[in-house]
Amino acid sequence: MNNKAYDELLKQILQLPSDNCELTLDESVRIHIPNFTKEIKEIAVALKPWRKGPFNLNELFIDSEWRSFVKFNILKPYLNLKGKSIADVGCNNGYYMFKMLEFNPKSITGFDPSELAFLQFSFINHFIKSDIEFKIAGVESLPECGSKFDTIFCLGVLYHRSDPIKCLKELKSAMNPGGEVFIDTMYIERDDEMVLSPNGSYSKIPNISFIPSVKALKNWCQRAKFKSFEILATKETDLFEQRKTEWIDGQSLSDFLDPNDDSKTIEGYPAPKRIYIRLT
């Protein structure tokens, strides 16, 4: 996104009517806007693709590519966020941060380098008016950000990093004593300590460096000096959770898998599976 387009969209967002809006949190982030205008829908469309969600603005349903409540509901039984300082690293448009508001944390800070993600967050938060802070920055900025957190989320980030152990160390550096880190990442089913390093792309995603076995992932976390490694869940990525919608204008999971064998990616690797862990 060029600077002119970014500035113009942000300006339009800040001019939208936003008085007396009401927030409801269920599987969707729902906002009732008393003075709903056609400009609100126009800006929502201009902000495509919407990867995380869904969001409801009155009758406008932003049907995101990912039904992110699936991931959130896996983590929810393990969350104790009341009064805590929270960081969401790789927060995308803030869907998970908005969902965390129901836990009454002390503070929430999101980190994501994407300007589009920030604009989507700004658009939604313009109506919610939360105190969530969004930093246009990546995980590598954590050691210098000047803040530490009680609970850190890093969801769908680790496999994009060319040095995953360094990433884990950066997360640990921002953790308060007694804190915790929740991670969701891809893994391969093996009984040994091996790592898949895809050639070119994995599931049509070019910036995936390493996909570890569970034992290899645990070794990474030990090298980063985490004391405990707790597996919360494992899950195959399926077409209920991730699929093409009119809000992304592009390909999704069904295009990334072998059309003759959905247990494999289009490149012939094992199809995506995710592991959810808590580190202390």
# chains A, B, ... in the order shown; residues from 1 in each chain; ligands from 1

$ residues_around --residues "stretch 172-179 of chain A" --least-positions-apart "6" --cutoff "7 Å" --atoms "only C-alpha atoms" --output "list in words"
Leu142, Pro143, Ser147, Lys148, Phe149, Asp150, Thr151 and Thr280 of chain A

$ write_last_selection --atoms "N, CA and C atoms" --output "CSV table (one decimal), in the first residue's frame"
chain,number,residue,atom,x,y,z
A,142,LEU,N,10.4,-6.5,20.0
A,142,LEU,CA,10.0,-6.8,21.4
A,142,LEU,C,11.2,-6.4,22.4
A,143,PRO,N,12.4,-6.9,22.1
A,143,PRO,CA,13.4,-6.6,23.1
A,143,PRO,C,13.7,-5.1,23.4
A,147,SER,N,8.7,-2.5,27.1
A,147,SER,CA,7.6,-3.0,28.0
A,147,SER,C,7.8,-4.5,28.1
A,148,LYS,N,7.2,-5.0,29.3
A,148,LYS,CA,7.2,-6.4,29.5
A,148,LYS,C,5.7,-6.8,29.8
A,149,PHE,N,5.4,-8.1,29.6
A,149,PHE,CA,4.0,-8.5,29.6
A,149,PHE,C,3.8,-9.7,30.4
A,150,ASP,N,2.6,-9.8,31.0
A,150,ASP,CA,2.3,-11.0,31.8
A,150,ASP,C,1.9,-12.2,30.9
A,151,THR,N,1.2,-11.9,29.8
A,151,THR,CA,0.8,-13.0,28.9
A,151,THR,C,1.1,-12.5,27.5
A,280,THR,N,6.3,-21.3,29.8
A,280,THR,CA,6.6,-20.4,31.0
A,280,THR,C,8.1,-20.4,31.2

$ residues_around --residues "stretch 44-56 of chain A" --least-positions-apart "5" --cutoff "7 Å" --atoms "only C-alpha atoms" --output "mmCIF file with all heavy atoms, in the first residue's frame"
data_model
loop_
_atom_site.group_PDB
_atom_site.id
_atom_site.type_symbol
_atom_site.label_atom_id
_atom_site.label_comp_id
_atom_site.auth_asym_id
_atom_site.auth_seq_id
_atom_site.Cartn_x
_atom_site.Cartn_y
_atom_site.Cartn_z
ATOM 1 N N SER A 28 -18.383 -13.785 16.720
ATOM 2 C CA SER A 28 -18.071 -12.607 15.929
ATOM 3 C C SER A 28 -17.852 -11.412 16.859
ATOM 4 O O SER A 28 -18.330 -11.399 17.994
ATOM 5 C CB SER A 28 -19.225 -12.311 14.958
ATOM 6 O OG SER A 28 -18.915 -11.223 14.119
ATOM 7 N N VAL A 29 -17.096 -10.446 16.375
ATOM 8 C CA VAL A 29 -17.014 -9.146 17.049
ATOM 9 C C VAL A 29 -18.126 -8.299 16.451
ATOM 10 O O VAL A 29 -18.070 -7.908 15.279
ATOM 11 C CB VAL A 29 -15.634 -8.493 16.826
ATOM 12 C CG1 VAL A 29 -15.614 -7.073 17.387
ATOM 13 C CG2 VAL A 29 -14.540 -9.337 17.467
ATOM 14 N N ARG A 30 -19.167 -8.041 17.245
ATOM 15 C CA ARG A 30 -20.373 -7.374 16.748
ATOM 16 C C ARG A 30 -20.440 -5.943 17.272
ATOM 17 O O ARG A 30 -20.293 -5.711 18.476
ATOM 18 C CB ARG A 30 -21.628 -8.129 17.193
ATOM 19 C CG ARG A 30 -21.668 -9.572 16.721
ATOM 20 C CD ARG A 30 -22.922 -10.287 17.204
ATOM 21 N NE ARG A 30 -22.885 -11.689 16.826
ATOM 22 C CZ ARG A 30 -23.306 -12.161 15.648
ATOM 23 N NH1 ARG A 30 -23.814 -11.318 14.758
ATOM 24 N NH2 ARG A 30 -23.214 -13.445 15.365
ATOM 25 N N ILE A 31 -20.686 -5.022 16.366
ATOM 26 C CA ILE A 31 -20.787 -3.620 16.750
ATOM 27 C C ILE A 31 -22.094 -3.060 16.202
ATOM 28 O O ILE A 31 -22.357 -3.149 14.996
ATOM 29 C CB ILE A 31 -19.606 -2.802 16.189
ATOM 30 C CG1 ILE A 31 -18.270 -3.446 16.572
ATOM 31 C CG2 ILE A 31 -19.669 -1.369 16.711
ATOM 32 C CD1 ILE A 31 -17.085 -2.839 15.852
ATOM 33 N N PHE A 61 -21.800 -8.094 7.326
ATOM 34 C CA PHE A 61 -21.060 -9.240 7.844
ATOM 35 C C PHE A 61 -19.745 -9.361 7.090
ATOM 36 O O PHE A 61 -19.730 -9.648 5.893
ATOM 37 C CB PHE A 61 -21.881 -10.517 7.685
ATOM 38 C CG PHE A 61 -21.180 -11.766 8.159
ATOM 39 C CD1 PHE A 61 -20.540 -11.800 9.388
ATOM 40 C CD2 PHE A 61 -21.167 -12.918 7.370
ATOM 41 C CE1 PHE A 61 -19.908 -12.951 9.831
ATOM 42 C CE2 PHE A 61 -20.544 -14.071 7.797
ATOM 43 C CZ PHE A 61 -19.904 -14.088 9.033
ATOM 44 N N ILE A 62 -18.641 -9.102 7.788
ATOM 45 C CA ILE A 62 -17.312 -9.265 7.202
ATOM 46 C C ILE A 62 -16.884 -10.709 7.455
ATOM 47 O O ILE A 62 -16.405 -11.058 8.528
ATOM 48 C CB ILE A 62 -16.314 -8.257 7.799
ATOM 49 C CG1 ILE A 62 -16.795 -6.824 7.543
ATOM 50 C CG2 ILE A 62 -14.926 -8.471 7.210
ATOM 51 C CD1 ILE A 62 -15.917 -5.749 8.170
ATOM 52 N N ASP A 63 -17.098 -11.539 6.455
ATOM 53 C CA ASP A 63 -16.861 -12.982 6.557
ATOM 54 C C ASP A 63 -15.405 -13.261 6.193
ATOM 55 O O ASP A 63 -15.071 -13.535 5.039
ATOM 56 C CB ASP A 63 -17.822 -13.716 5.612
ATOM 57 C CG ASP A 63 -17.789 -15.220 5.815
ATOM 58 O OD1 ASP A 63 -17.224 -15.676 6.828
ATOM 59 O OD2 ASP A 63 -18.318 -15.939 4.943
ATOM 60 N N SER A 64 -14.538 -13.195 7.171
ATOM 61 C CA SER A 64 -13.100 -13.311 6.947
ATOM 62 C C SER A 64 -12.711 -14.704 6.457
ATOM 63 O O SER A 64 -13.466 -15.676 6.608
ATOM 64 C CB SER A 64 -12.357 -12.998 8.250
ATOM 65 O OG SER A 64 -12.843 -13.831 9.292
ATOM 66 N N GLU A 65 -11.504 -14.786 5.881
ATOM 67 C CA GLU A 65 -11.005 -16.081 5.400
ATOM 68 C C GLU A 65 -10.923 -17.101 6.524
ATOM 69 O O GLU A 65 -11.313 -18.253 6.368
ATOM 70 C CB GLU A 65 -9.618 -15.895 4.771
ATOM 71 C CG GLU A 65 -8.993 -17.214 4.319
ATOM 72 C CD GLU A 65 -7.553 -17.068 3.847
ATOM 73 O OE1 GLU A 65 -6.964 -15.979 4.029
ATOM 74 O OE2 GLU A 65 -7.012 -18.052 3.298
ATOM 75 N N TRP A 66 -10.404 -16.685 7.666
ATOM 76 C CA TRP A 66 -10.286 -17.568 8.831
ATOM 77 C C TRP A 66 -11.451 -17.334 9.773
ATOM 78 O O TRP A 66 -11.748 -16.181 10.116
ATOM 79 C CB TRP A 66 -8.979 -17.293 9.578
ATOM 80 C CG TRP A 66 -7.757 -17.789 8.878
ATOM 81 C CD1 TRP A 66 -7.044 -17.137 7.915
ATOM 82 C CD2 TRP A 66 -7.086 -19.035 9.098
ATOM 83 N NE1 TRP A 66 -5.987 -17.904 7.517
ATOM 84 C CE2 TRP A 66 -5.977 -19.077 8.225
ATOM 85 C CE3 TRP A 66 -7.322 -20.121 9.949
ATOM 86 C CZ2 TRP A 66 -5.099 -20.145 8.161
ATOM 87 C CZ3 TRP A 66 -6.444 -21.197 9.893
ATOM 88 C CH2 TRP A 66 -5.355 -21.211 9.024
ATOM 89 N N ARG A 67 -12.106 -18.395 10.179
ATOM 90 C CA ARG A 67 -13.037 -18.310 11.304
ATOM 91 C C ARG A 67 -12.188 -18.366 12.573
ATOM 92 O O ARG A 67 -11.937 -19.429 13.153
ATOM 93 C CB ARG A 67 -14.050 -19.452 11.242
ATOM 94 C CG ARG A 67 -15.091 -19.292 10.123
ATOM 95 C CD ARG A 67 -16.110 -20.402 10.198
ATOM 96 N NE ARG A 67 -17.266 -20.144 9.354
ATOM 97 C CZ ARG A 67 -17.633 -20.928 8.320
ATOM 98 N NH1 ARG A 67 -16.918 -21.999 8.014
ATOM 99 N NH2 ARG A 67 -18.703 -20.629 7.618
ATOM 100 N N SER A 68 -11.752 -17.204 12.990
ATOM 101 C CA SER A 68 -10.735 -17.121 14.039
ATOM 102 C C SER A 68 -11.245 -17.549 15.404
ATOM 103 O O SER A 68 -10.446 -17.826 16.313
ATOM 104 C CB SER A 68 -10.180 -15.690 14.104
ATOM 105 O OG SER A 68 -9.620 -15.317 12.856
ATOM 106 N N ASN A 93 -5.454 -7.937 12.347
ATOM 107 C CA ASN A 93 -6.379 -6.799 12.483
ATOM 108 C C ASN A 93 -6.941 -6.633 13.899
ATOM 109 O O ASN A 93 -7.801 -5.782 14.130
ATOM 110 C CB ASN A 93 -7.522 -6.895 11.476
ATOM 111 C CG ASN A 93 -8.333 -8.178 11.616
ATOM 112 O OD1 ASN A 93 -8.440 -8.731 12.702
ATOM 113 N ND2 ASN A 93 -8.898 -8.651 10.517
ATOM 114 N N TYR A 95 -8.519 -9.019 15.852
ATOM 115 C CA TYR A 95 -9.680 -9.825 16.241
ATOM 116 C C TYR A 95 -9.482 -10.451 17.616
ATOM 117 O O TYR A 95 -10.365 -10.351 18.480
ATOM 118 C CB TYR A 95 -9.953 -10.923 15.206
ATOM 119 C CG TYR A 95 -11.001 -11.918 15.653
ATOM 120 C CD1 TYR A 95 -12.347 -11.684 15.430
ATOM 121 C CD2 TYR A 95 -10.638 -13.093 16.324
ATOM 122 C CE1 TYR A 95 -13.319 -12.586 15.850
ATOM 123 C CE2 TYR A 95 -11.603 -14.008 16.754
ATOM 124 C CZ TYR A 95 -12.928 -13.751 16.512
ATOM 125 O OH TYR A 95 -13.885 -14.651 16.944
ATOM 126 N N GLN A 120 -7.263 -1.934 9.259
ATOM 127 C CA GLN A 120 -8.443 -2.717 9.631
ATOM 128 C C GLN A 120 -8.709 -2.589 11.128
ATOM 129 O O GLN A 120 -9.858 -2.414 11.560
ATOM 130 C CB GLN A 120 -8.255 -4.179 9.241
ATOM 131 C CG GLN A 120 -8.264 -4.417 7.744
ATOM 132 C CD GLN A 120 -8.051 -5.874 7.385
ATOM 133 O OE1 GLN A 120 -7.808 -6.724 8.243
ATOM 134 N NE2 GLN A 120 -8.126 -6.187 6.097
ATOM 135 N N TRP A 247 -14.642 -11.724 0.899
ATOM 136 C CA TRP A 247 -13.889 -10.664 1.573
ATOM 137 C C TRP A 247 -12.376 -10.827 1.420
ATOM 138 O O TRP A 247 -11.614 -10.083 2.053
ATOM 139 C CB TRP A 247 -14.280 -10.600 3.045
ATOM 140 C CG TRP A 247 -15.642 -9.987 3.207
ATOM 141 C CD1 TRP A 247 -16.834 -10.643 3.217
ATOM 142 C CD2 TRP A 247 -15.943 -8.600 3.320
ATOM 143 N NE1 TRP A 247 -17.872 -9.756 3.341
ATOM 144 C CE2 TRP A 247 -17.355 -8.483 3.410
ATOM 145 C CE3 TRP A 247 -15.182 -7.434 3.356
ATOM 146 C CZ2 TRP A 247 -17.993 -7.254 3.530
ATOM 147 C CZ3 TRP A 247 -15.823 -6.210 3.485
ATOM 148 C CH2 TRP A 247 -17.204 -6.132 3.566
ATOM 149 N N ILE A 248 -11.932 -11.797 0.607
ATOM 150 C CA ILE A 248 -10.470 -11.912 0.406
ATOM 151 C C ILE A 248 -10.047 -11.773 -1.058
ATOM 152 O O ILE A 248 -8.908 -11.433 -1.341
ATOM 153 C CB ILE A 248 -9.907 -13.219 0.998
ATOM 154 C CG1 ILE A 248 -10.414 -14.455 0.256
ATOM 155 C CG2 ILE A 248 -10.179 -13.298 2.488
ATOM 156 C CD1 ILE A 248 -9.630 -15.709 0.602
ATOM 157 N N ASP A 249 -10.932 -12.065 -2.009
ATOM 158 C CA ASP A 249 -10.587 -11.934 -3.431
ATOM 159 C C ASP A 249 -9.293 -12.677 -3.787
ATOM 160 O O ASP A 249 -8.410 -12.146 -4.457
ATOM 161 C CB ASP A 249 -10.433 -10.459 -3.827
ATOM 162 C CG ASP A 249 -11.766 -9.722 -3.799
ATOM 163 O OD1 ASP A 249 -12.809 -10.397 -3.823
ATOM 164 O OD2 ASP A 249 -11.750 -8.480 -3.753
#

$ residues_around --residues "A:Ile152" --least-positions-apart "2" --cutoff "6 Å" --atoms "only C-alpha atoms" --output "JSON, numbers by chain"
{"A": [86, 87, 88, 181]}

$ residues_around --residues "stretch 108-119 of chain A" --least-positions-apart "4" --cutoff "8 Å" --atoms "only C-alpha atoms" --output "PyMOL selection string"
chain A and resi 1+6+9-10+47+85-94+97+123+131-139

$ closest_atom_pairs --of "stretch 72-185 of chain A" --to "stretch 212-234 of chain A" --cutoff "9 Å" --atoms "only C-alpha atoms" --output "tab-separated table"
residue	atom	partner	partner_atom	distance
A:Ile74	CA	A:Ala233	CA	7.3
A:Leu75	CA	A:Leu232	CA	7.8
A:Tyr78	CA	A:Leu232	CA	8.3
A:Tyr159	CA	A:Pro212	CA	8.7
A:Pro164	CA	A:Trp220	CA	7.6
A:Ile165	CA	A:Trp220	CA	5.6
A:Lys166	CA	A:Ala224	CA	7.5
A:Cys167	CA	A:Ala224	CA	8.7
A:Leu168	CA	A:Ala224	CA	5.9
A:Lys169	CA	A:Ala224	CA	5.0
A:Glu170	CA	A:Ala224	CA	8.7
A:Lys172	CA	A:Phe226	CA	7.3

$ write_last_selection --atoms "C-alpha atoms" --output "compact mmCIF listing (two decimals), in the first residue's frame"
# COMPACT_ATOMS: atom_id res chain seq x y z
CA ILE A 74 -9.17 -23.75 21.72
CA LEU A 75 -7.16 -21.31 23.85
CA TYR A 78 -6.50 -21.81 29.46
CA TYR A 159 6.90 -20.78 10.96
CA PRO A 164 12.67 -19.56 15.07
CA ILE A 165 14.90 -19.90 18.15
CA LYS A 166 15.77 -16.20 17.96
CA CYS A 167 12.01 -15.48 17.69
CA LEU A 168 11.35 -17.53 20.82
CA LYS A 169 14.13 -15.70 22.67
CA GLU A 170 12.59 -12.37 21.65
CA LYS A 172 10.86 -14.59 26.31

$ atom_distance --atom1 "atom CA of A:Ser197" --atom2 "atom CA of A:Ile275"
17.5 Å

$ atom_distance --atom1 "atom CA of A:Pro34" --atom2 "atom CA of A:Cys21"
6.5 Å
